>>> print(open('work.cif').read())   # mmCIF, C-alpha atoms
data_structure
loop_
_atom_site.label_atom_id
_atom_site.label_comp_id
_atom_site.auth_asym_id
_atom_site.auth_seq_id
_atom_site.Cartn_x
_atom_site.Cartn_y
_atom_site.Cartn_z
CA ALA A 1236 -27.89 98.07 -34.84
CA LEU A 1237 -26.28 94.65 -34.49
CA LEU A 1238 -26.82 93.80 -38.14
CA ARG A 1239 -24.87 96.92 -39.13
CA ARG A 1240 -21.87 95.67 -37.16
CA HIS A 1241 -21.75 92.55 -39.32
CA LEU A 1242 -22.66 93.87 -42.74
CA PRO A 1243 -21.84 96.83 -44.93
CA GLY A 1244 -24.28 99.66 -44.25
CA ALA A 1245 -26.02 99.51 -47.63
CA LEU A 1246 -26.67 95.77 -47.34
CA ALA A 1247 -27.95 96.09 -43.78
CA MET A 1248 -30.29 98.90 -44.84
CA GLU A 1249 -31.59 96.88 -47.80
CA MET A 1250 -32.33 93.93 -45.52
CA LEU A 1251 -33.98 96.04 -42.83
CA LEU A 1252 -35.92 98.48 -45.01
CA GLY A 1253 -36.72 96.19 -47.91
CA ALA A 1254 -38.61 93.70 -45.74
CA LYS A 1255 -37.91 90.95 -48.21
CA PRO A 1256 -35.43 88.08 -48.17
CA ILE A 1257 -32.09 88.60 -49.86
CA VAL A 1258 -30.78 85.60 -51.79
CA SER A 1259 -28.10 83.87 -49.71
CA ASP A 1260 -25.56 84.05 -52.57
CA ALA A 1261 -25.65 87.84 -52.18
CA LEU A 1262 -24.73 87.39 -48.52
CA ALA A 1263 -22.06 84.73 -49.06
CA ASN A 1264 -19.23 87.25 -49.33
CA SER A 1265 -20.70 89.81 -46.93
CA GLY A 1266 -19.13 88.46 -43.76
CA LEU A 1267 -22.49 87.68 -42.16
CA PHE A 1268 -21.82 83.94 -42.31
CA ASN A 1269 -18.65 81.96 -41.74
CA ARG A 1270 -19.69 79.54 -44.45
CA LEU A 1271 -22.73 78.35 -46.38
CA VAL A 1272 -23.42 74.63 -46.52
CA PRO A 1273 -26.32 72.48 -47.66
CA ALA A 1274 -28.90 71.97 -44.92
CA SER A 1275 -28.07 68.27 -44.75
CA GLU A 1276 -24.46 69.11 -43.83
CA ALA A 1277 -25.16 71.87 -41.31
CA LEU A 1278 -25.21 69.73 -38.18
CA PRO A 1279 -22.18 67.56 -39.03
CA ILE A 1280 -20.13 70.65 -39.91
CA ALA A 1281 -21.27 72.45 -36.76
CA VAL A 1282 -20.23 69.44 -34.68
CA GLU A 1283 -16.87 69.31 -36.48
CA ILE A 1284 -16.23 72.99 -35.73
CA ALA A 1285 -17.29 72.49 -32.09
CA GLN A 1286 -14.90 69.53 -31.75
CA ILE A 1287 -12.02 71.59 -33.11
CA ILE A 1288 -12.77 74.41 -30.67
CA ALA A 1289 -13.21 71.99 -27.76
CA SER A 1290 -9.82 70.40 -28.48
CA ASN A 1291 -8.07 73.72 -27.87
CA ALA A 1292 -7.01 75.06 -24.48
CA PRO A 1293 -10.22 76.26 -22.82
CA LEU A 1294 -8.60 79.31 -21.22
CA ALA A 1295 -7.16 80.36 -24.59
CA VAL A 1296 -10.56 79.92 -26.28
CA GLN A 1297 -12.23 82.01 -23.57
CA ALA A 1298 -9.54 84.67 -23.85
CA ALA A 1299 -9.86 84.85 -27.64
CA ARG A 1300 -13.62 85.31 -27.37
CA GLN A 1301 -13.14 87.99 -24.73
CA ILE A 1302 -10.59 89.88 -26.83
CA VAL A 1303 -12.74 89.79 -29.95
CA ARG A 1304 -15.83 90.98 -28.10
CA LYS A 1305 -14.16 93.68 -26.00
CA SER A 1306 -11.91 95.04 -28.75
CA GLU A 1307 -14.67 95.71 -31.28
CA ASP A 1308 -15.02 99.36 -30.31
CA LEU A 1309 -11.40 99.97 -29.27
CA ASP A 1310 -8.76 101.67 -31.35
CA GLU A 1311 -5.74 99.61 -32.39
CA ALA A 1312 -3.52 100.65 -29.45
CA GLU A 1313 -6.23 99.85 -26.90
CA ALA A 1314 -6.97 96.50 -28.55
CA LEU A 1315 -3.28 95.56 -28.55
CA LEU A 1316 -3.01 96.52 -24.86
CA LEU A 1317 -6.03 94.36 -24.04
CA GLU A 1318 -4.54 91.45 -26.00
CA THR A 1319 -1.20 91.86 -24.20
CA GLN A 1320 -2.82 91.98 -20.76
CA ILE A 1321 -4.89 88.87 -21.38
CA GLY A 1322 -1.93 87.10 -23.01
CA GLU A 1323 0.24 87.78 -19.96
CA ARG A 1324 -2.38 86.17 -17.72
CA LEU A 1325 -2.60 83.14 -20.01
CA ALA A 1326 1.17 82.71 -20.05
CA ARG A 1327 1.09 82.03 -16.30
CA THR A 1328 -1.37 79.11 -16.54
CA GLU A 1329 -0.71 75.39 -16.38
CA ASP A 1330 -2.27 75.01 -19.83
CA ALA A 1331 0.36 77.39 -21.24
CA VAL A 1332 3.02 74.91 -20.11
CA GLU A 1333 1.08 71.85 -21.22
CA GLY A 1334 0.65 72.91 -24.87
CA PRO A 1335 4.35 73.20 -25.79
CA LEU A 1336 5.26 70.23 -23.57
CA ALA A 1337 2.75 67.99 -25.34
CA PHE A 1338 4.07 69.20 -28.70
CA MET A 1339 7.67 68.38 -27.75
CA GLU A 1340 6.59 64.97 -26.42
CA LYS A 1341 4.58 64.38 -29.62
CA ARG A 1342 1.34 63.68 -27.79
CA PRO A 1343 -2.07 65.33 -27.67
CA PRO A 1344 -2.27 68.03 -24.97
CA LYS A 1345 -4.32 67.43 -21.85
CA PHE A 1346 -5.66 70.88 -21.05
CA GLN A 1347 -7.15 71.33 -17.59
CA GLY A 1348 -8.41 74.91 -17.81
CA ARG A 1349 -5.90 76.01 -15.17
#
>>> encode(input="work.cif", output="structure tokens")
Amino acid sequence: ALLRRHLPGALAMEMLLGAKPIVSDALANSGLFNRLVPASEALPIAVEIAQIIASNAPLAVQAARQIVRKSEDLDEAEALLLETQIGERLARTEDAVEGPLAFMEKRPPKFQGR
């Protein structure tokens, strides 16, 4: 069931019912992976992505994950309402003040998760 959420139905069925590996090039444009990299570059690229995420405001990262996960089965109006509600909570945080302030002061932000 989870595979079907990430792949077109026909491709998910082929993978599940065919019981044989599908060449990764066939999956490259399927949306199953964010990107394909040589095995030797997998860890450095994963660390790079993690560093980028970690440099963002932690409350905003948590909120984005929550919105993506909770909105999957919502219609557009419900998803927009969820995004608005969570955005309104974020706007009242110290980190919401810190981001623009750091930008105006031309310095890296110091997010506290508050």
>>> closest_residue(input="work.cif", among="A:Ile1280, A:Ile1302, A:Pro1243, A:Phe1338", to="Leu1262 in chain A", atoms="all atoms listed in the file")
A:Pro1243
>>> closest_residue(input="work.cif", among="A:Ala1247, A:Leu1271, A:Leu1294, A:Ala1299", to="Thr1328 in chain A", atoms="all atoms listed in the file")
A:Leu1294
>>> resolve_selection(input="work.cif", expression="the PyMOL selection byres ((chain A and resi 1346) around 7)", output="MDAnalysis selection string")
chainID A and resid 1292 1330 1333 1344:1345 1347:1348
>>> atom_distance(input="work.cif", atom1="CA of Pro1335 in chain A", atom2="CA of Ser1290 in chain A")
14.7 Å
>>> closest_residue(input="work.cif", among="A:Arg1349, A:Ala1245, A:Glu1283, A:Ser1275", to="Ala1326 in chain A", atoms="all atoms listed in the file")
A:Arg1349
>>> atom_distance(input="work.cif", atom1="CA of Ser1265 in chain A", atom2="CA of Leu1278 in chain A")
22.4 Å
>>> axis_aligned_box(input="work.cif", around="range 1297-1302 of chain A", padding_each_side="3 Å", output="JSON")
{"center_x": -11.6, "center_y": 85.9, "center_z": -25.6, "size_x": 10.1, "size_y": 13.9, "size_z": 10.1}
>>> atom_distance(input="work.cif", atom1="CA of Val1332 in chain A", atom2="CA of Ala1295 in chain A")
12.4 Å
>>> closest_residue(input="work.cif", among="A:Ala1298, A:Ala1254, A:Ala1281, A:Leu1242", to="Glu1323 in chain A", atoms="all atoms listed in the file")
A:Ala1298
>>> closest_residue(input="work.cif", among="A:Ala1337, A:Glu1329, A:Gly1253, A:Phe1268", to="His1241 in chain A", atoms="only C-alpha atoms")
A:Phe1268
>>> residues_around(input="work.cif", residues="Arg1240 in chain A", least_positions_apart="3", cutoff="12 Å", atoms="all atoms listed in the file", output="count of residues only")
14
>>> build_atoms(input="work.cif", residues="range 1320-1331 of chain A", atoms="all heavy atoms", output="PDB file, keeping the file's coordinate frame")
ATOM      1  N   GLN A1320      -2.453  92.233 -22.151  1.00  0.00           N
ATOM      2  CA  GLN A1320      -2.820  91.980 -20.760  1.00  0.00           C
ATOM      3  C   GLN A1320      -3.396  90.571 -20.587  1.00  0.00           C
ATOM      4  O   GLN A1320      -3.025  89.841 -19.658  1.00  0.00           O
ATOM      5  CB  GLN A1320      -3.824  93.021 -20.272  1.00  0.00           C
ATOM      6  CG  GLN A1320      -3.239  94.404 -20.135  1.00  0.00           C
ATOM      7  CD  GLN A1320      -4.289  95.477 -19.926  1.00  0.00           C
ATOM      8  OE1 GLN A1320      -5.467  95.300 -20.250  1.00  0.00           O
ATOM      9  NE2 GLN A1320      -3.870  96.610 -19.384  1.00  0.00           N
ATOM     10  N   ILE A1321      -4.276  90.199 -21.470  1.00  0.00           N
ATOM     11  CA  ILE A1321      -4.890  88.870 -21.380  1.00  0.00           C
ATOM     12  C   ILE A1321      -3.853  87.799 -21.693  1.00  0.00           C
ATOM     13  O   ILE A1321      -3.808  86.760 -21.034  1.00  0.00           O
ATOM     14  CB  ILE A1321      -6.129  88.783 -22.285  1.00  0.00           C
ATOM     15  CG1 ILE A1321      -7.229  89.690 -21.721  1.00  0.00           C
ATOM     16  CG2 ILE A1321      -6.614  87.347 -22.417  1.00  0.00           C
ATOM     17  CD1 ILE A1321      -8.462  89.807 -22.583  1.00  0.00           C
ATOM     18  N   GLY A1322      -2.987  88.055 -22.670  1.00  0.00           N
ATOM     19  CA  GLY A1322      -1.930  87.100 -23.010  1.00  0.00           C
ATOM     20  C   GLY A1322      -0.972  86.870 -21.860  1.00  0.00           C
ATOM     21  O   GLY A1322      -0.523  85.737 -21.633  1.00  0.00           O
ATOM     22  N   GLU A1323      -0.647  87.924 -21.122  1.00  0.00           N
ATOM     23  CA  GLU A1323       0.240  87.780 -19.960  1.00  0.00           C
ATOM     24  C   GLU A1323      -0.387  86.907 -18.890  1.00  0.00           C
ATOM     25  O   GLU A1323       0.291  86.096 -18.259  1.00  0.00           O
ATOM     26  CB  GLU A1323       0.601  89.159 -19.395  1.00  0.00           C
ATOM     27  CG  GLU A1323       1.566  89.923 -20.278  1.00  0.00           C
ATOM     28  CD  GLU A1323       1.789  91.363 -19.832  1.00  0.00           C
ATOM     29  OE1 GLU A1323       1.059  91.850 -18.926  1.00  0.00           O
ATOM     30  OE2 GLU A1323       2.686  92.004 -20.404  1.00  0.00           O
ATOM     31  N   ARG A1324      -1.688  87.041 -18.689  1.00  0.00           N
ATOM     32  CA  ARG A1324      -2.380  86.170 -17.720  1.00  0.00           C
ATOM     33  C   ARG A1324      -2.348  84.723 -18.187  1.00  0.00           C
ATOM     34  O   ARG A1324      -2.107  83.811 -17.394  1.00  0.00           O
ATOM     35  CB  ARG A1324      -3.832  86.624 -17.545  1.00  0.00           C
ATOM     36  CG  ARG A1324      -3.992  87.814 -16.630  1.00  0.00           C
ATOM     37  CD  ARG A1324      -5.432  87.970 -16.149  1.00  0.00           C
ATOM     38  NE  ARG A1324      -6.444  87.751 -17.158  1.00  0.00           N
ATOM     39  CZ  ARG A1324      -7.232  88.684 -17.666  1.00  0.00           C
ATOM     40  NH1 ARG A1324      -7.118  89.932 -17.262  1.00  0.00           N
ATOM     41  NH2 ARG A1324      -8.139  88.391 -18.560  1.00  0.00           N
ATOM     42  N   LEU A1325      -2.599  84.508 -19.476  1.00  0.00           N
ATOM     43  CA  LEU A1325      -2.600  83.140 -20.010  1.00  0.00           C
ATOM     44  C   LEU A1325      -1.234  82.487 -19.896  1.00  0.00           C
ATOM     45  O   LEU A1325      -1.138  81.279 -19.659  1.00  0.00           O
ATOM     46  CB  LEU A1325      -3.015  83.149 -21.489  1.00  0.00           C
ATOM     47  CG  LEU A1325      -4.491  83.228 -21.792  1.00  0.00           C
ATOM     48  CD1 LEU A1325      -4.708  83.301 -23.298  1.00  0.00           C
ATOM     49  CD2 LEU A1325      -5.239  82.046 -21.218  1.00  0.00           C
ATOM     50  N   ALA A1326      -0.188  83.258 -20.077  1.00  0.00           N
ATOM     51  CA  ALA A1326       1.170  82.710 -20.050  1.00  0.00           C
ATOM     52  C   ALA A1326       1.525  82.123 -18.687  1.00  0.00           C
ATOM     53  O   ALA A1326       2.437  81.298 -18.595  1.00  0.00           O
ATOM     54  CB  ALA A1326       2.173  83.794 -20.437  1.00  0.00           C
ATOM     55  N   ARG A1327       0.810  82.516 -17.648  1.00  0.00           N
ATOM     56  CA  ARG A1327       1.090  82.030 -16.300  1.00  0.00           C
ATOM     57  C   ARG A1327       0.217  80.836 -15.911  1.00  0.00           C
ATOM     58  O   ARG A1327       0.193  80.445 -14.742  1.00  0.00           O
ATOM     59  CB  ARG A1327       0.907  83.166 -15.295  1.00  0.00           C
ATOM     60  CG  ARG A1327       1.904  84.303 -15.486  1.00  0.00           C
ATOM     61  CD  ARG A1327       1.828  85.330 -14.362  1.00  0.00           C
ATOM     62  NE  ARG A1327       0.527  85.955 -14.206  1.00  0.00           N
ATOM     63  CZ  ARG A1327       0.163  87.107 -14.778  1.00  0.00           C
ATOM     64  NH1 ARG A1327       1.002  87.758 -15.558  1.00  0.00           N
ATOM     65  NH2 ARG A1327      -1.034  87.613 -14.573  1.00  0.00           N
ATOM     66  N   THR A1328      -0.479  80.227 -16.863  1.00  0.00           N
ATOM     67  CA  THR A1328      -1.370  79.110 -16.540  1.00  0.00           C
ATOM     68  C   THR A1328      -0.683  77.771 -16.784  1.00  0.00           C
ATOM     69  O   THR A1328       0.306  77.674 -17.519  1.00  0.00           O
ATOM     70  CB  THR A1328      -2.656  79.163 -17.391  1.00  0.00           C
ATOM     71  OG1 THR A1328      -2.320  78.960 -18.767  1.00  0.00           O
ATOM     72  CG2 THR A1328      -3.391  80.489 -17.213  1.00  0.00           C
ATOM     73  N   GLU A1329      -1.220  76.752 -16.166  1.00  0.00           N
ATOM     74  CA  GLU A1329      -0.710  75.390 -16.380  1.00  0.00           C
ATOM     75  C   GLU A1329      -0.903  74.961 -17.831  1.00  0.00           C
ATOM     76  O   GLU A1329      -0.062  74.260 -18.393  1.00  0.00           O
ATOM     77  CB  GLU A1329      -1.432  74.406 -15.447  1.00  0.00           C
ATOM     78  CG  GLU A1329      -1.099  74.597 -13.981  1.00  0.00           C
ATOM     79  CD  GLU A1329      -1.899  73.683 -13.069  1.00  0.00           C
ATOM     80  OE1 GLU A1329      -2.317  72.588 -13.509  1.00  0.00           O
ATOM     81  OE2 GLU A1329      -2.105  74.065 -11.904  1.00  0.00           O
ATOM     82  N   ASP A1330      -2.010  75.372 -18.427  1.00  0.00           N
ATOM     83  CA  ASP A1330      -2.270  75.010 -19.830  1.00  0.00           C
ATOM     84  C   ASP A1330      -1.219  75.602 -20.759  1.00  0.00           C
ATOM     85  O   ASP A1330      -0.885  75.001 -21.779  1.00  0.00           O
ATOM     86  CB  ASP A1330      -3.664  75.467 -20.261  1.00  0.00           C
ATOM     87  CG  ASP A1330      -4.776  74.580 -19.725  1.00  0.00           C
ATOM     88  OD1 ASP A1330      -4.478  73.564 -19.074  1.00  0.00           O
ATOM     89  OD2 ASP A1330      -5.945  74.924 -19.958  1.00  0.00           O
ATOM     90  N   ALA A1331      -0.669  76.762 -20.409  1.00  0.00           N
ATOM     91  CA  ALA A1331       0.360  77.390 -21.240  1.00  0.00           C
ATOM     92  C   ALA A1331       1.636  76.547 -21.243  1.00  0.00           C
ATOM     93  O   ALA A1331       2.387  76.556 -22.217  1.00  0.00           O
ATOM     94  CB  ALA A1331       0.660  78.798 -20.751  1.00  0.00           C
TER      95      ALA A1331
END
